$ cat input-v2.csv   # CSV, C-alpha atoms and all ligand atoms
chain,number,residue,atom,x,y,z
G,1,MET,CA,28.2,1.3,64.7
G,2,THR,CA,28.8,-2.3,63.8
G,3,THR,CA,32.3,-3.2,62.7
G,4,TRP,CA,31.7,-6.1,60.4
G,5,GLU,CA,33.8,-9.3,60.7
G,6,ILE,CA,32.5,-10.3,57.2
G,7,PRO,CA,31.2,-7.3,55.2
G,8,LEU,CA,28.9,-7.6,52.3
G,9,ALA,CA,31.6,-6.4,49.9
G,10,ASP,CA,35.2,-5.4,50.3
G,11,ILE,CA,37.9,-3.8,48.3
G,12,LYS,CA,41.6,-4.3,48.6
G,13,PHE,CA,43.9,-1.9,46.6
G,14,ASP,CA,47.6,-2.5,46.3
G,15,ARG,CA,50.6,-0.7,45.0
G,16,SER,CA,49.4,-0.7,41.4
G,17,GLU,CA,46.3,1.5,42.2
G,18,ILE,CA,48.3,3.7,44.5
G,19,ASP,CA,51.1,4.2,41.9
G,20,ALA,CA,48.6,4.9,39.1
G,21,VAL,CA,46.8,7.6,41.1
G,22,VAL,CA,50.1,9.2,42.2
G,23,GLU,CA,51.2,9.3,38.6
G,24,VAL,CA,48.1,11.2,37.7
G,25,LEU,CA,48.6,13.7,40.5
G,26,GLN,CA,52.2,14.2,39.5
G,27,SER,CA,51.2,14.8,35.8
G,28,GLY,CA,49.1,17.8,36.8
G,29,TRP,CA,46.4,16.9,34.3
G,30,LEU,CA,43.2,15.8,36.2
G,31,THR,CA,40.4,15.3,33.8
G,32,MET,CA,39.7,13.8,30.3
G,33,GLY,CA,43.3,13.2,29.4
G,34,SER,CA,45.5,10.2,28.5
G,35,ALA,CA,44.3,8.0,31.4
G,36,THR,CA,40.7,8.3,30.4
G,37,GLN,CA,41.6,7.6,26.8
G,38,GLN,CA,43.6,4.6,27.8
G,39,PHE,CA,40.9,3.3,30.1
G,40,GLU,CA,38.3,3.5,27.3
G,41,ALA,CA,40.7,1.8,24.9
G,42,ASN,CA,41.4,-1.0,27.4
G,43,PHE,CA,37.8,-1.4,28.2
G,44,SER,CA,36.9,-1.7,24.5
G,45,GLU,CA,39.6,-4.3,24.0
G,46,TRP,CA,38.6,-6.3,27.1
G,47,ASN,CA,34.9,-6.4,26.1
G,48,ASN,CA,35.6,-6.7,22.3
G,49,VAL,CA,33.4,-3.6,21.5
G,50,PRO,CA,34.5,-0.7,19.3
G,51,HIS,CA,33.3,2.2,21.4
G,52,SER,CA,33.6,2.8,25.1
G,53,ILE,CA,32.8,6.2,26.6
G,54,ALA,CA,33.8,6.8,30.3
G,55,VAL,CA,31.3,8.8,32.4
G,56,SER,CA,30.9,9.9,36.0
G,57,SER,CA,28.6,7.1,37.2
G,58,GLY,CA,26.4,4.2,36.1
G,59,THR,CA,23.4,6.4,36.4
G,60,ALA,CA,24.9,9.0,34.1
G,61,ALA,CA,25.6,6.1,31.7
G,62,LEU,CA,22.0,5.0,31.8
G,63,HIS,CA,20.7,8.6,31.4
G,64,LEU,CA,22.9,9.3,28.3
G,65,ALA,CA,22.0,5.9,26.9
G,66,CYS,CA,18.3,6.8,27.1
G,67,ILE,CA,18.9,10.2,25.5
G,68,ALA,CA,21.1,8.8,22.7
G,69,GLY,CA,18.4,6.2,22.2
G,70,GLY,CA,16.0,9.0,21.4
G,71,LEU,CA,13.7,8.5,24.3
G,72,GLY,CA,11.3,11.2,25.3
G,73,PRO,CA,7.8,12.1,26.5
G,74,GLY,CA,5.1,9.6,25.2
G,75,ASP,CA,7.6,6.8,24.8
G,76,GLU,CA,7.4,3.6,26.9
G,77,VAL,CA,10.4,1.5,28.0
G,78,VAL,CA,10.0,-2.0,29.3
G,79,LEU,CA,12.3,-2.9,32.1
G,80,PRO,CA,12.5,-5.0,35.3
G,81,ALA,CA,11.3,-3.8,38.7
G,82,LEU,CA,13.9,-6.1,40.5
G,83,THR,CA,16.8,-3.7,39.9
G,84,PHE,CA,18.4,-0.6,41.4
G,85,VAL,CA,16.1,2.4,41.1
G,86,ALA,CA,18.6,4.2,38.8
G,87,THR,CA,17.6,1.8,35.9
G,88,ALA,CA,14.1,3.3,35.9
G,89,ASN,CA,15.0,6.8,37.0
G,90,ALA,CA,17.1,7.2,33.9
G,91,VAL,CA,14.0,6.6,31.7
G,92,ARG,CA,12.0,9.2,33.7
G,93,TYR,CA,14.8,11.8,33.4
G,94,THR,CA,14.0,11.9,29.6
G,95,GLY,CA,10.2,12.2,30.1
G,96,ALA,CA,9.6,8.6,28.9
G,97,THR,CA,7.6,6.1,31.0
G,98,PRO,CA,9.0,3.0,32.6
G,99,VAL,CA,6.8,-0.1,32.2
G,100,PHE,CA,7.7,-2.9,34.5
G,101,ALA,CA,8.0,-6.5,33.5
G,102,ASP,CA,8.3,-9.6,35.7
G,103,ILE,CA,11.3,-11.8,36.2
G,104,GLN,CA,11.7,-15.3,34.8
G,105,SER,CA,11.3,-17.6,37.8
G,106,LEU,CA,12.6,-18.2,41.4
G,107,ASP,CA,15.7,-19.7,39.8
G,108,ASP,CA,16.3,-17.1,37.2
G,109,LEU,CA,15.8,-13.6,38.6
G,110,THR,CA,16.4,-11.8,35.2
G,111,ILE,CA,13.6,-10.2,33.2
G,112,SER,CA,11.2,-12.6,31.5
G,113,PRO,CA,11.0,-12.3,27.7
G,114,GLU,CA,7.4,-13.5,27.9
G,115,SER,CA,6.6,-10.7,30.3
G,116,ILE,CA,8.4,-8.2,28.1
G,117,ARG,CA,6.2,-9.3,25.2
G,118,SER,CA,3.0,-8.8,27.2
G,119,LYS,CA,4.0,-5.2,28.0
G,120,ILE,CA,4.6,-4.0,24.5
G,121,THR,CA,2.3,-1.4,23.1
G,122,SER,CA,2.4,1.0,20.1
G,123,ASN,CA,4.3,3.4,22.3
G,124,THR,CA,7.1,1.1,23.3
G,125,LYS,CA,10.4,2.3,22.1
G,126,ALA,CA,13.0,0.4,24.1
G,127,ILE,CA,13.8,-2.5,26.4
G,128,ILE,CA,16.2,-2.2,29.3
G,129,VAL,CA,17.6,-5.4,30.7
G,130,MET,CA,19.6,-5.8,33.9
G,131,HIS,CA,21.9,-8.8,34.2
G,132,TYR,CA,20.9,-9.5,37.9
G,133,ALA,CA,23.9,-10.5,40.1
G,134,GLY,CA,26.0,-10.9,37.0
G,135,TYR,CA,23.9,-13.6,35.3
G,136,PRO,CA,23.1,-13.0,31.7
G,137,CYS,CA,19.5,-12.3,30.7
G,138,GLN,CA,18.0,-14.3,27.9
G,139,MET,CA,19.5,-12.1,25.3
G,140,ALA,CA,18.8,-14.1,22.1
G,141,GLU,CA,15.0,-14.1,22.8
G,142,ILE,CA,15.1,-10.4,23.9
G,143,GLN,CA,17.0,-9.4,20.8
G,144,GLN,CA,14.4,-11.2,18.7
G,145,ILE,CA,11.5,-9.3,20.4
G,146,ALA,CA,13.4,-6.1,19.9
G,147,TYR,CA,13.9,-6.9,16.2
G,148,GLN,CA,10.2,-7.8,15.7
G,149,HIS,CA,9.0,-4.6,17.3
G,150,ASN,CA,11.8,-2.3,16.2
G,151,LEU,CA,12.9,-1.5,19.7
G,152,LEU,CA,16.2,-0.3,21.1
G,153,VAL,CA,17.9,-2.6,23.7
G,154,ILE,CA,19.9,-1.0,26.5
G,155,GLU,CA,21.8,-3.3,28.9
G,156,ASP,CA,22.2,-2.2,32.5
G,157,ALA,CA,25.4,-4.2,33.0
G,158,ALA,CA,26.2,-2.7,36.4
G,159,HIS,CA,26.4,-6.2,37.9
G,160,ALA,CA,27.8,-7.9,34.8
G,161,ILE,CA,31.2,-6.7,33.9
G,162,GLY,CA,33.0,-9.8,32.5
G,163,ALA,CA,29.8,-11.9,32.2
G,164,GLU,CA,29.5,-13.8,28.9
G,165,LEU,CA,26.8,-15.5,26.9
G,166,ASN,CA,27.4,-17.4,23.6
G,167,GLY,CA,30.9,-15.8,23.3
G,168,LYS,CA,29.6,-12.2,23.8
G,169,MET,CA,30.4,-10.0,26.7
G,170,MET,CA,27.3,-8.6,28.5
G,171,GLY,CA,26.9,-4.9,27.8
G,172,THR,CA,27.9,-5.5,24.1
G,173,VAL,CA,24.9,-7.5,22.9
G,174,GLY,CA,22.2,-4.8,22.8
G,175,ASP,CA,22.5,-1.3,21.2
G,176,ILE,CA,24.0,0.4,24.3
G,177,GLY,CA,25.6,-1.1,27.4
G,178,CYS,CA,25.9,0.7,30.7
G,179,PHE,CA,28.4,-0.1,33.5
G,180,SER,CA,28.9,1.2,37.0
G,181,PHE,CA,32.2,1.4,38.9
G,182,PHE,CA,30.6,2.3,42.2
G,183,SER,CA,32.5,1.1,45.3
G,184,ASN,CA,30.7,-2.3,45.7
G,185,LYS,CA,31.0,-3.3,42.0
G,186,ASN,CA,33.4,-5.9,40.5
G,187,LEU,CA,35.5,-3.0,39.1
G,188,VAL,CA,35.6,0.0,41.3
G,189,THR,CA,36.7,3.6,40.9
G,190,GLY,CA,34.6,5.1,43.8
G,191,GLU,CA,32.1,6.7,41.4
G,192,GLY,CA,32.3,6.1,37.7
G,193,GLY,CA,30.7,4.4,34.8
G,194,MET,CA,31.2,3.4,31.1
G,195,ILE,CA,28.9,3.2,28.1
G,196,THR,CA,29.6,0.8,25.3
G,197,THR,CA,28.2,0.6,21.8
G,198,ARG,CA,29.0,-0.8,18.3
G,199,ASP,CA,27.3,2.2,16.6
G,200,PRO,CA,29.8,5.0,15.7
G,201,GLU,CA,27.0,7.6,15.5
G,202,ILE,CA,25.6,6.8,18.9
G,203,ALA,CA,29.2,6.8,20.3
G,204,GLN,CA,29.9,10.3,18.9
G,205,ARG,CA,26.6,11.6,20.3
G,206,LEU,CA,27.5,10.1,23.7
G,207,ARG,CA,30.9,11.8,23.7
G,208,HIS,CA,29.2,15.1,23.1
G,209,LEU,CA,26.5,14.5,25.6
G,210,ARG,CA,28.9,13.8,28.5
G,211,SER,CA,30.6,17.1,28.1
G,212,HIS,CA,28.0,19.9,27.5
G,213,GLY,CA,27.6,19.0,23.9
G,214,MET,CA,30.9,20.6,23.1
G,215,SER,CA,32.6,19.8,19.8
G,216,THR,CA,36.1,20.0,21.3
G,217,LEU,CA,37.4,19.5,24.8
G,218,THR,CA,40.0,21.3,27.0
G,219,TRP,CA,42.3,18.4,26.2
G,220,ASP,CA,42.1,19.0,22.5
G,221,ARG,CA,42.9,22.6,22.9
G,222,HIS,CA,45.8,21.7,25.3
G,223,LYS,CA,47.1,19.4,22.6
G,224,GLY,CA,46.9,22.3,20.1
G,225,HIS,CA,44.2,20.5,18.0
G,226,ALA,CA,41.7,23.3,18.4
G,227,PHE,CA,41.4,26.9,19.5
G,228,SER,CA,37.6,27.0,20.2
G,229,TYR,CA,34.5,24.9,20.3
G,230,ASP,CA,30.9,24.8,19.2
G,231,VAL,CA,28.0,23.4,21.3
G,232,VAL,CA,26.2,20.9,19.1
G,233,ASP,CA,23.9,19.2,21.6
G,234,LEU,CA,22.2,19.8,25.0
G,235,GLY,CA,24.8,18.0,27.1
G,236,TYR,CA,25.8,17.5,30.7
G,237,ASN,CA,28.9,17.4,32.8
G,238,TYR,CA,29.1,13.6,33.1
G,239,ARG,CA,32.9,13.4,32.7
G,240,LEU,CA,35.2,10.9,34.5
G,241,ASP,CA,38.3,12.3,36.0
G,242,GLU,CA,41.9,11.1,35.4
G,243,ILE,CA,42.3,9.8,38.9
G,244,ARG,CA,39.4,7.5,38.6
G,245,ALA,CA,40.4,6.5,35.1
G,246,ALA,CA,43.8,5.5,36.4
G,247,LEU,CA,42.2,3.4,39.1
G,248,GLY,CA,40.0,1.9,36.5
G,249,ILE,CA,42.9,0.8,34.3
G,250,SER,CA,44.6,-1.0,37.3
G,251,GLN,CA,41.3,-2.5,38.4
G,252,LEU,CA,40.6,-3.8,34.8
G,253,ASN,CA,43.9,-5.6,34.9
G,254,LYS,CA,42.7,-7.6,37.9
G,255,LEU,CA,39.1,-8.2,36.8
G,256,ALA,CA,39.6,-11.6,35.1
G,257,PRO,CA,41.3,-13.3,38.1
G,258,ASN,CA,38.9,-11.5,40.6
G,259,ASN,CA,35.8,-12.7,38.7
G,260,GLN,CA,37.3,-16.2,38.6
G,261,ILE,CA,37.6,-16.1,42.4
G,262,ARG,CA,34.1,-14.8,42.7
G,263,ARG,CA,32.8,-17.7,40.6
G,264,SER,CA,34.6,-20.3,42.6
G,265,LEU,CA,33.5,-18.8,45.9
G,266,THR,CA,29.9,-18.8,44.5
G,267,ARG,CA,30.2,-22.5,43.7
G,268,TYR,CA,31.5,-23.2,47.2
G,269,TYR,CA,28.5,-21.3,48.6
G,270,HIS,CA,26.1,-23.3,46.4
G,271,HIS,CA,27.6,-26.6,47.6
G,272,GLN,CA,27.6,-25.6,51.3
G,273,LEU,CA,24.1,-24.2,51.2
G,274,ALA,CA,22.8,-27.4,49.5
G,275,GLU,CA,24.4,-29.5,52.1
G,276,LYS,CA,23.7,-27.5,55.3
G,277,CYS,CA,20.4,-25.6,54.5
G,278,PRO,CA,18.5,-27.3,51.7
G,279,GLN,CA,15.4,-25.5,52.7
G,280,ILE,CA,16.9,-22.3,51.2
G,281,THR,CA,16.4,-21.7,47.4
G,282,VAL,CA,19.7,-20.7,45.7
G,283,PRO,CA,18.8,-19.0,42.4
G,284,PHE,CA,20.9,-19.4,39.2
G,285,SER,CA,21.6,-23.1,40.0
G,286,ASP,CA,22.5,-23.9,36.4
G,287,HIS,CA,22.4,-20.7,34.5
G,288,PRO,CA,23.7,-20.5,30.9
G,289,GLY,CA,26.8,-18.5,30.1
G,290,THR,CA,29.5,-17.2,32.4
G,291,THR,CA,28.5,-15.1,35.4
G,292,ALA,CA,30.3,-12.1,36.8
G,293,ALA,CA,29.2,-13.4,40.2
G,294,HIS,CA,28.7,-9.9,41.5
G,295,ILE,CA,26.5,-10.8,44.4
G,296,MET,CA,25.3,-14.0,46.2
G,297,PRO,CA,21.5,-14.0,46.4
G,298,VAL,CA,19.4,-16.7,48.2
G,299,LEU,CA,15.7,-17.0,48.8
G,300,LEU,CA,14.5,-17.7,52.4
G,301,PRO,CA,11.8,-20.3,52.9
G,302,GLU,CA,8.2,-19.5,53.6
G,303,ASN,CA,7.3,-18.5,57.1
G,304,ILE,CA,10.8,-17.2,57.9
G,305,HIS,CA,11.0,-13.6,59.1
G,306,ARG,CA,13.8,-12.1,57.0
G,307,GLN,CA,14.7,-9.3,59.3
G,308,SER,CA,15.2,-11.7,62.2
G,309,VAL,CA,17.7,-13.7,60.1
G,310,MET,CA,19.5,-10.5,59.1
G,311,GLU,CA,19.5,-9.4,62.8
G,312,HIS,CA,21.0,-12.8,63.8
G,313,LEU,CA,23.7,-12.4,61.1
G,314,LYS,CA,24.4,-8.8,62.2
G,315,ALA,CA,24.8,-9.9,65.8
G,316,ASN,CA,27.5,-12.2,64.5
G,317,ARG,CA,29.0,-9.2,62.6
G,318,ILE,CA,28.0,-10.6,59.2
G,319,GLN,CA,26.6,-8.0,56.9
G,320,THR,CA,23.8,-8.9,54.5
G,321,SER,CA,21.5,-6.9,52.2
G,322,ILE,CA,18.4,-7.1,50.0
G,323,HIS,CA,18.5,-6.9,46.2
G,324,TYR,CA,16.1,-5.3,45.7
G,325,PRO,CA,13.0,-3.7,47.2
G,326,PRO,CA,11.0,-3.6,43.9
G,327,ILE,CA,11.0,-0.2,42.3
G,328,THR,CA,7.2,-0.4,41.9
G,329,GLY,CA,6.8,-0.3,45.8
G,330,PHE,CA,8.8,3.0,46.4
G,331,SER,CA,6.6,5.9,47.5
G,332,ASN,CA,7.8,8.2,44.7
G,333,TYR,CA,6.9,5.5,42.1
G,334,ARG,CA,3.5,4.8,43.8
G,335,GLU,CA,2.7,8.5,43.7
G,336,GLU,CA,3.8,8.9,40.1
G,337,PHE,CA,2.2,5.7,38.7
G,338,LYS,CA,-1.1,5.4,40.6
G,339,GLN,CA,-1.7,1.7,39.6
G,340,ARG,CA,1.0,-0.6,40.9
G,341,PRO,CA,1.7,-3.3,38.3
G,342,ILE,CA,1.1,-6.9,39.3
G,343,LEU,CA,4.4,-8.7,39.1
G,344,PRO,CA,3.9,-11.9,41.2
G,345,ARG,CA,7.4,-13.4,40.8
G,346,THR,CA,9.2,-10.1,41.4
G,347,ASP,CA,7.1,-9.3,44.5
G,348,TYR,CA,7.6,-12.8,45.9
G,349,VAL,CA,11.4,-12.8,45.4
G,350,ALA,CA,11.7,-9.2,46.7
G,351,GLU,CA,10.2,-10.4,50.0
G,352,LYS,CA,12.3,-13.6,50.3
G,353,GLU,CA,15.6,-12.5,48.9
G,354,LEU,CA,18.7,-12.2,51.1
G,355,THR,CA,22.1,-11.2,49.8
G,356,LEU,CA,25.1,-12.9,51.5
G,357,PRO,CA,28.6,-11.5,51.5
G,358,LEU,CA,30.8,-12.1,48.5
G,359,PHE,CA,34.1,-10.4,47.5
G,360,PRO,CA,37.3,-11.7,45.9
G,361,THR,CA,39.4,-11.8,49.1
G,362,MET,CA,36.7,-13.7,51.0
G,363,THR,CA,37.9,-17.1,52.3
G,364,THR,CA,36.0,-20.4,52.3
G,365,ALA,CA,36.3,-20.4,56.1
G,366,GLN,CA,34.3,-17.1,56.0
G,367,ILE,CA,31.7,-18.7,53.8
G,368,ASP,CA,31.5,-21.6,56.3
G,369,ARG,CA,30.9,-19.1,59.0
G,370,VAL,CA,28.2,-17.2,57.0
G,371,VAL,CA,26.4,-20.5,56.2
G,372,ASP,CA,26.6,-21.8,59.8
G,373,CYS,CA,25.2,-18.5,61.2
G,374,LEU,CA,22.5,-18.6,58.5
G,375,VAL,CA,21.5,-22.1,59.6
G,376,GLU,CA,21.3,-20.9,63.2
G,377,GLY,CA,19.3,-17.8,62.2
G,378,LEU,CA,16.7,-20.1,60.4
G,379,GLU,CA,16.5,-22.4,63.4
G,380,ARG,CA,16.1,-19.7,66.0
G,381,ARG,CA,12.6,-18.6,64.9
S,401,LIG,C1,21.7,-2.4,38.6
S,401,LIG,C2,22.3,-1.1,38.8
S,401,LIG,N1,22.0,-0.1,37.9
S,401,LIG,C3,22.5,1.1,38.0
S,401,LIG,C4,23.4,1.5,39.0
S,401,LIG,C5,23.8,2.9,39.2
S,401,LIG,O1,25.2,3.0,39.1
S,401,LIG,P1,25.9,4.3,39.9
S,401,LIG,O2,25.8,4.0,41.4
S,401,LIG,O3,27.3,4.1,39.4
S,401,LIG,O4,25.3,5.5,39.5
S,401,LIG,C6,23.7,0.5,40.0
S,401,LIG,C7,24.7,0.8,41.0
S,401,LIG,O5,24.6,1.0,42.2
S,401,LIG,C8,23.2,-0.8,39.9
S,401,LIG,O6,23.5,-1.8,40.8
$ encode --input "input-v2.csv" --output "structure tokens"
Amino acid sequence: MTTWEIPLADIKFDRSEIDAVVEVLQSGWLTMGSATQQFEANFSEWNNVPHSIAVSSGTAALHLACIAGGLGPGDEVVLPALTFVATANAVRYTGATPVFADIQSLDDLTISPESIRSKITSNTKAIIVMHYAGYPCQMAEIQQIAYQHNLLVIEDAAHAIGAELNGKMMGTVGDIGCFSFFSNKNLVTGEGGMITTRDPEIAQRLRHLRSHGMSTLTWDRHKGHAFSYDVVDLGYNYRLDEIRAALGISQLNKLAPNNQIRRSLTRYYHHQLAEKCPQITVPFSDHPGTTAAHIMPVLLPENIHRQSVMEHLKANRIQTSIHYPPITGFSNYREEFKQRPILPRTDYVAEKELTLPLFPTMTTAQIDRVVDCLVEGLERR
């Protein structure tokens, strides 16, 4: 097992998270109580959105968003292939069909509005965007397409908590926003997620769906607000527990300064890479809006063997990753969708992309080390 000197991502909890969790344990109430309510309220305030619904994962958030959006068999949903597989799986859980669109360019790895347009048919019901690496998608144009074709817009904001465009937080621009609090994200609770919406009816449906479609919860009965319940929808158990909600509250308090650090480390990376390895393409060189700087993607030059570079960095105990092998290439997707769509920019980037370490406690000396080892890795071929 490699012990990384510089891991891809890292978390540091302090007293505030430990105290918050201990307080929940001492309260004796472990699920869907005051911590979850507080986390949802704080999340809404932070993102300036009226409704936030905490769930057990980002995948659960996406699944419920697809159900609340009314997706089902026969419907098509346009989405990127350069994303985590959960974005497309959520569509398939409902029986709807994912239709993959290409990314913008080698500089902007988010979904291309022009490619979205080319994929729309009479069966298209929704668009799912994913703010890759925390950089906002071209939301004005995407919203315009959605308006013209009467489509729902779901934002996979798993990378983008705290990203902003034109004064709006990502995850609050479309109809439904989905966040993940998985351990490598900008806000972590281990497993966990959040759904945001401005629509009160969608919010109410999402609250039912996350808890078996029940009209009242154990918490309401504990509080003496109800004796029984009805089941008004076909729901799931996608609840978040109080321990994670308490972690989430503490983590949210640190998000703004942590994102600020991520952004300045990213700027430092861009500067060092431009100076020391100009042959590398660094996407998002001048992207509009404010990024959440979730990950640090670069594109390796032609005729460089990515795995050898990754091996060289690994030998120096530096962890790297790939975001992403395109969904269209996975065996399960190839079996299900016999014809692999042609997405030239996505396929090119997927072959060249390398993700470098980035986390708020990273030092500039560590970035220097990563860049120096990367330069060596490129020269060694
Ligand atoms: C882009 C994207 N979408 C969805 C997810 C799924 O989130 P989770 O792992 O919380 O289910 C992730 C997280 O890994 C992600 O990165």
$ atom_distance --input "input-v2.csv" --atom1 "atom CA of Thr291 of chain G" --atom2 "atom CA of Gly69 of chain G"
27.0 Å
$ residues_around --input "input-v2.csv" --residues "segment 100-114 of chain G" --least-positions-apart "2" --cutoff "7 Å" --atoms "only C-alpha atoms" --output "PyMOL selection string"
chain G and resi 78-81+98+116-119+129-132+137+141-142+283-285+343+345-346+349
$ closest_residue --input "input-v2.csv" --among "G:Asn48, G:Thr197, G:Thr218, G:Thr97" --to "Phe337 of chain G" --atoms "only C-alpha atoms"
G:Thr97
$ atom_distance --input "input-v2.csv" --atom1 "atom CA of Thr216 of chain G" --atom2 "atom CA of Ser56 of chain G"
18.6 Å
$ residues_near_ligand --input "input-v2.csv" --ligand "ligand LIG 401 (chain S)" --cutoff "7 Å" --atoms "all atoms listed in the file" --output "short mmCIF file (atom, residue, chain, number, x, y, z; two decimals) with C-alpha atoms, keeping the file's coordinate frame"
data_model
loop_
_atom_site.label_atom_id
_atom_site.label_comp_id
_atom_site.auth_asym_id
_atom_site.auth_seq_id
_atom_site.Cartn_x
_atom_site.Cartn_y
_atom_site.Cartn_z
CA SER G 57 28.60 7.10 37.20
CA GLY G 58 26.40 4.20 36.10
CA THR G 59 23.40 6.40 36.40
CA ALA G 60 24.90 9.00 34.10
CA THR G 83 16.80 -3.70 39.90
CA PHE G 84 18.40 -0.60 41.40
CA ALA G 86 18.60 4.20 38.80
CA THR G 87 17.60 1.80 35.90
CA MET G 130 19.60 -5.80 33.90
CA ASP G 156 22.20 -2.20 32.50
CA ALA G 157 25.40 -4.20 33.00
CA ALA G 158 26.20 -2.70 36.40
CA HIS G 159 26.40 -6.20 37.90
CA SER G 180 28.90 1.20 37.00
CA PHE G 181 32.20 1.40 38.90
CA PHE G 182 30.60 2.30 42.20
CA GLU G 191 32.10 6.70 41.40
CA GLY G 192 32.30 6.10 37.70
CA GLY G 193 30.70 4.40 34.80
#
$ closest_residue --input "input-v2.csv" --among "G:Thr189, G:Asn316, G:Ser34, G:Ser228" --to "Leu247 of chain G" --atoms "all atoms listed in the file"
G:Thr189
$ atom_distance --input "input-v2.csv" --atom1 "atom CA of Leu356 of chain G" --atom2 "atom CA of Pro136 of chain G"
19.9 Å
$ closest_residue --input "input-v2.csv" --among "G:Phe43, G:Tyr268, G:Tyr229, G:Tyr333" --to "Phe179 of chain G" --atoms "only C-alpha atoms"
G:Phe43
$ closest_residue --input "input-v2.csv" --among "G:Val24, G:Met362, G:Leu378, G:Ile195" --to "Pro278 of chain G" --atoms "all atoms listed in the file"
G:Leu378
$ residues_around --input "input-v2.csv" --residues "Val370 of chain G" --least-positions-apart "4" --cutoff "9 Å" --atoms "only C-alpha atoms" --output "ChimeraX atom specification"
/G:6,313,318,356-357,365-366,374-375
$ closest_residue --input "input-v2.csv" --among "G:Asp175, G:Pro257, G:Ser27, G:Thr290" --to "Arg198 of chain G" --atoms "all atoms listed in the file"
G:Asp175
$ closest_residue --input "input-v2.csv" --among "G:Met32, G:Val232, G:Ala9, G:Leu82" --to "Leu187 of chain G" --atoms "all atoms listed in the file"
G:Ala9
$ residues_around --input "input-v2.csv" --residues "Glu376 of chain G" --least-positions-apart "2" --cutoff "12 Å" --atoms "all atoms listed in the file" --output "number ranges by chain"
G: 276-277, 308-313, 315-316, 369-374, 378-381
$ residues_around --input "input-v2.csv" --residues "Tyr236 of chain G" --least-positions-apart "2" --cutoff "7 Å" --atoms "only C-alpha atoms" --output "MDAnalysis selection string"
chainID G and resid 209:212 238
$ residues_around --input "input-v2.csv" --residues "Leu234 of chain G" --least-positions-apart "5" --cutoff "12 Å" --atoms "all atoms listed in the file" --output "list in words"
Leu64, Ile67, Ala68, Arg205, Leu206, Arg207, His208, Leu209, Arg210, Ser211, His212, Gly213, Met214 and Ser215 of chain G
$ residues_near_point --input "input-v2.csv" --point "(12.9, 9.7, 32.3)" --cutoff "10 Å" --atoms "all atoms listed in the file" --output "list in words"
His63, Cys66, Ile67, Leu71, Gly72, Pro73, Asp75, Glu76, Val77, Thr87, Ala88, Asn89, Ala90, Val91, Arg92, Tyr93, Thr94, Gly95, Ala96, Thr97 and Pro98 of chain G
$ residues_near_point --input "input-v2.csv" --point "(2.3, -1.9, 39.5)" --cutoff "9 Å" --atoms "all atoms listed in the file" --output "VMD selection string"
chain G and resid 99 to 100 328 to 329 334 337 to 343
$ decode --input "input-v2.csv" --residues "segment 199-228 of chain G" --atoms "C-alpha atoms" --output "CSV table (one decimal), in the first residue's frame"
chain,number,residue,atom,x,y,z
G,199,ASP,CA,-40.4,25.4,-6.1
G,200,PRO,CA,-42.4,24.6,-3.0
G,201,GLU,CA,-44.3,21.8,-4.6
G,202,ILE,CA,-41.2,20.0,-5.8
G,203,ALA,CA,-39.7,20.6,-2.3
G,204,GLN,CA,-42.7,19.0,-0.6
G,205,ARG,CA,-42.6,16.0,-2.9
G,206,LEU,CA,-38.8,15.6,-2.3
G,207,ARG,CA,-39.4,15.6,1.4
G,208,HIS,CA,-41.9,12.8,1.0
G,209,LEU,CA,-39.8,10.8,-1.4
G,210,ARG,CA,-36.7,10.7,0.9
G,211,SER,CA,-38.7,9.0,3.6
G,212,HIS,CA,-41.0,6.3,2.1
G,213,GLY,CA,-43.6,8.8,1.0
G,214,MET,CA,-44.7,9.2,4.6
G,215,SER,CA,-46.8,12.2,5.5
G,216,THR,CA,-45.3,12.6,9.0
G,217,LEU,CA,-42.0,11.5,10.5
G,218,THR,CA,-40.9,9.9,13.7
G,219,TRP,CA,-39.6,13.3,14.7
G,220,ASP,CA,-43.1,14.9,14.3
G,221,ARG,CA,-44.6,12.2,16.4
G,222,HIS,CA,-41.9,12.6,19.0
G,223,LYS,CA,-42.7,16.3,19.1
G,224,GLY,CA,-46.3,15.5,19.7
G,225,HIS,CA,-47.4,16.9,16.3
G,226,ALA,CA,-48.9,13.7,15.0
G,227,PHE,CA,-50.0,10.2,16.1
G,228,SER,CA,-49.9,8.4,12.8
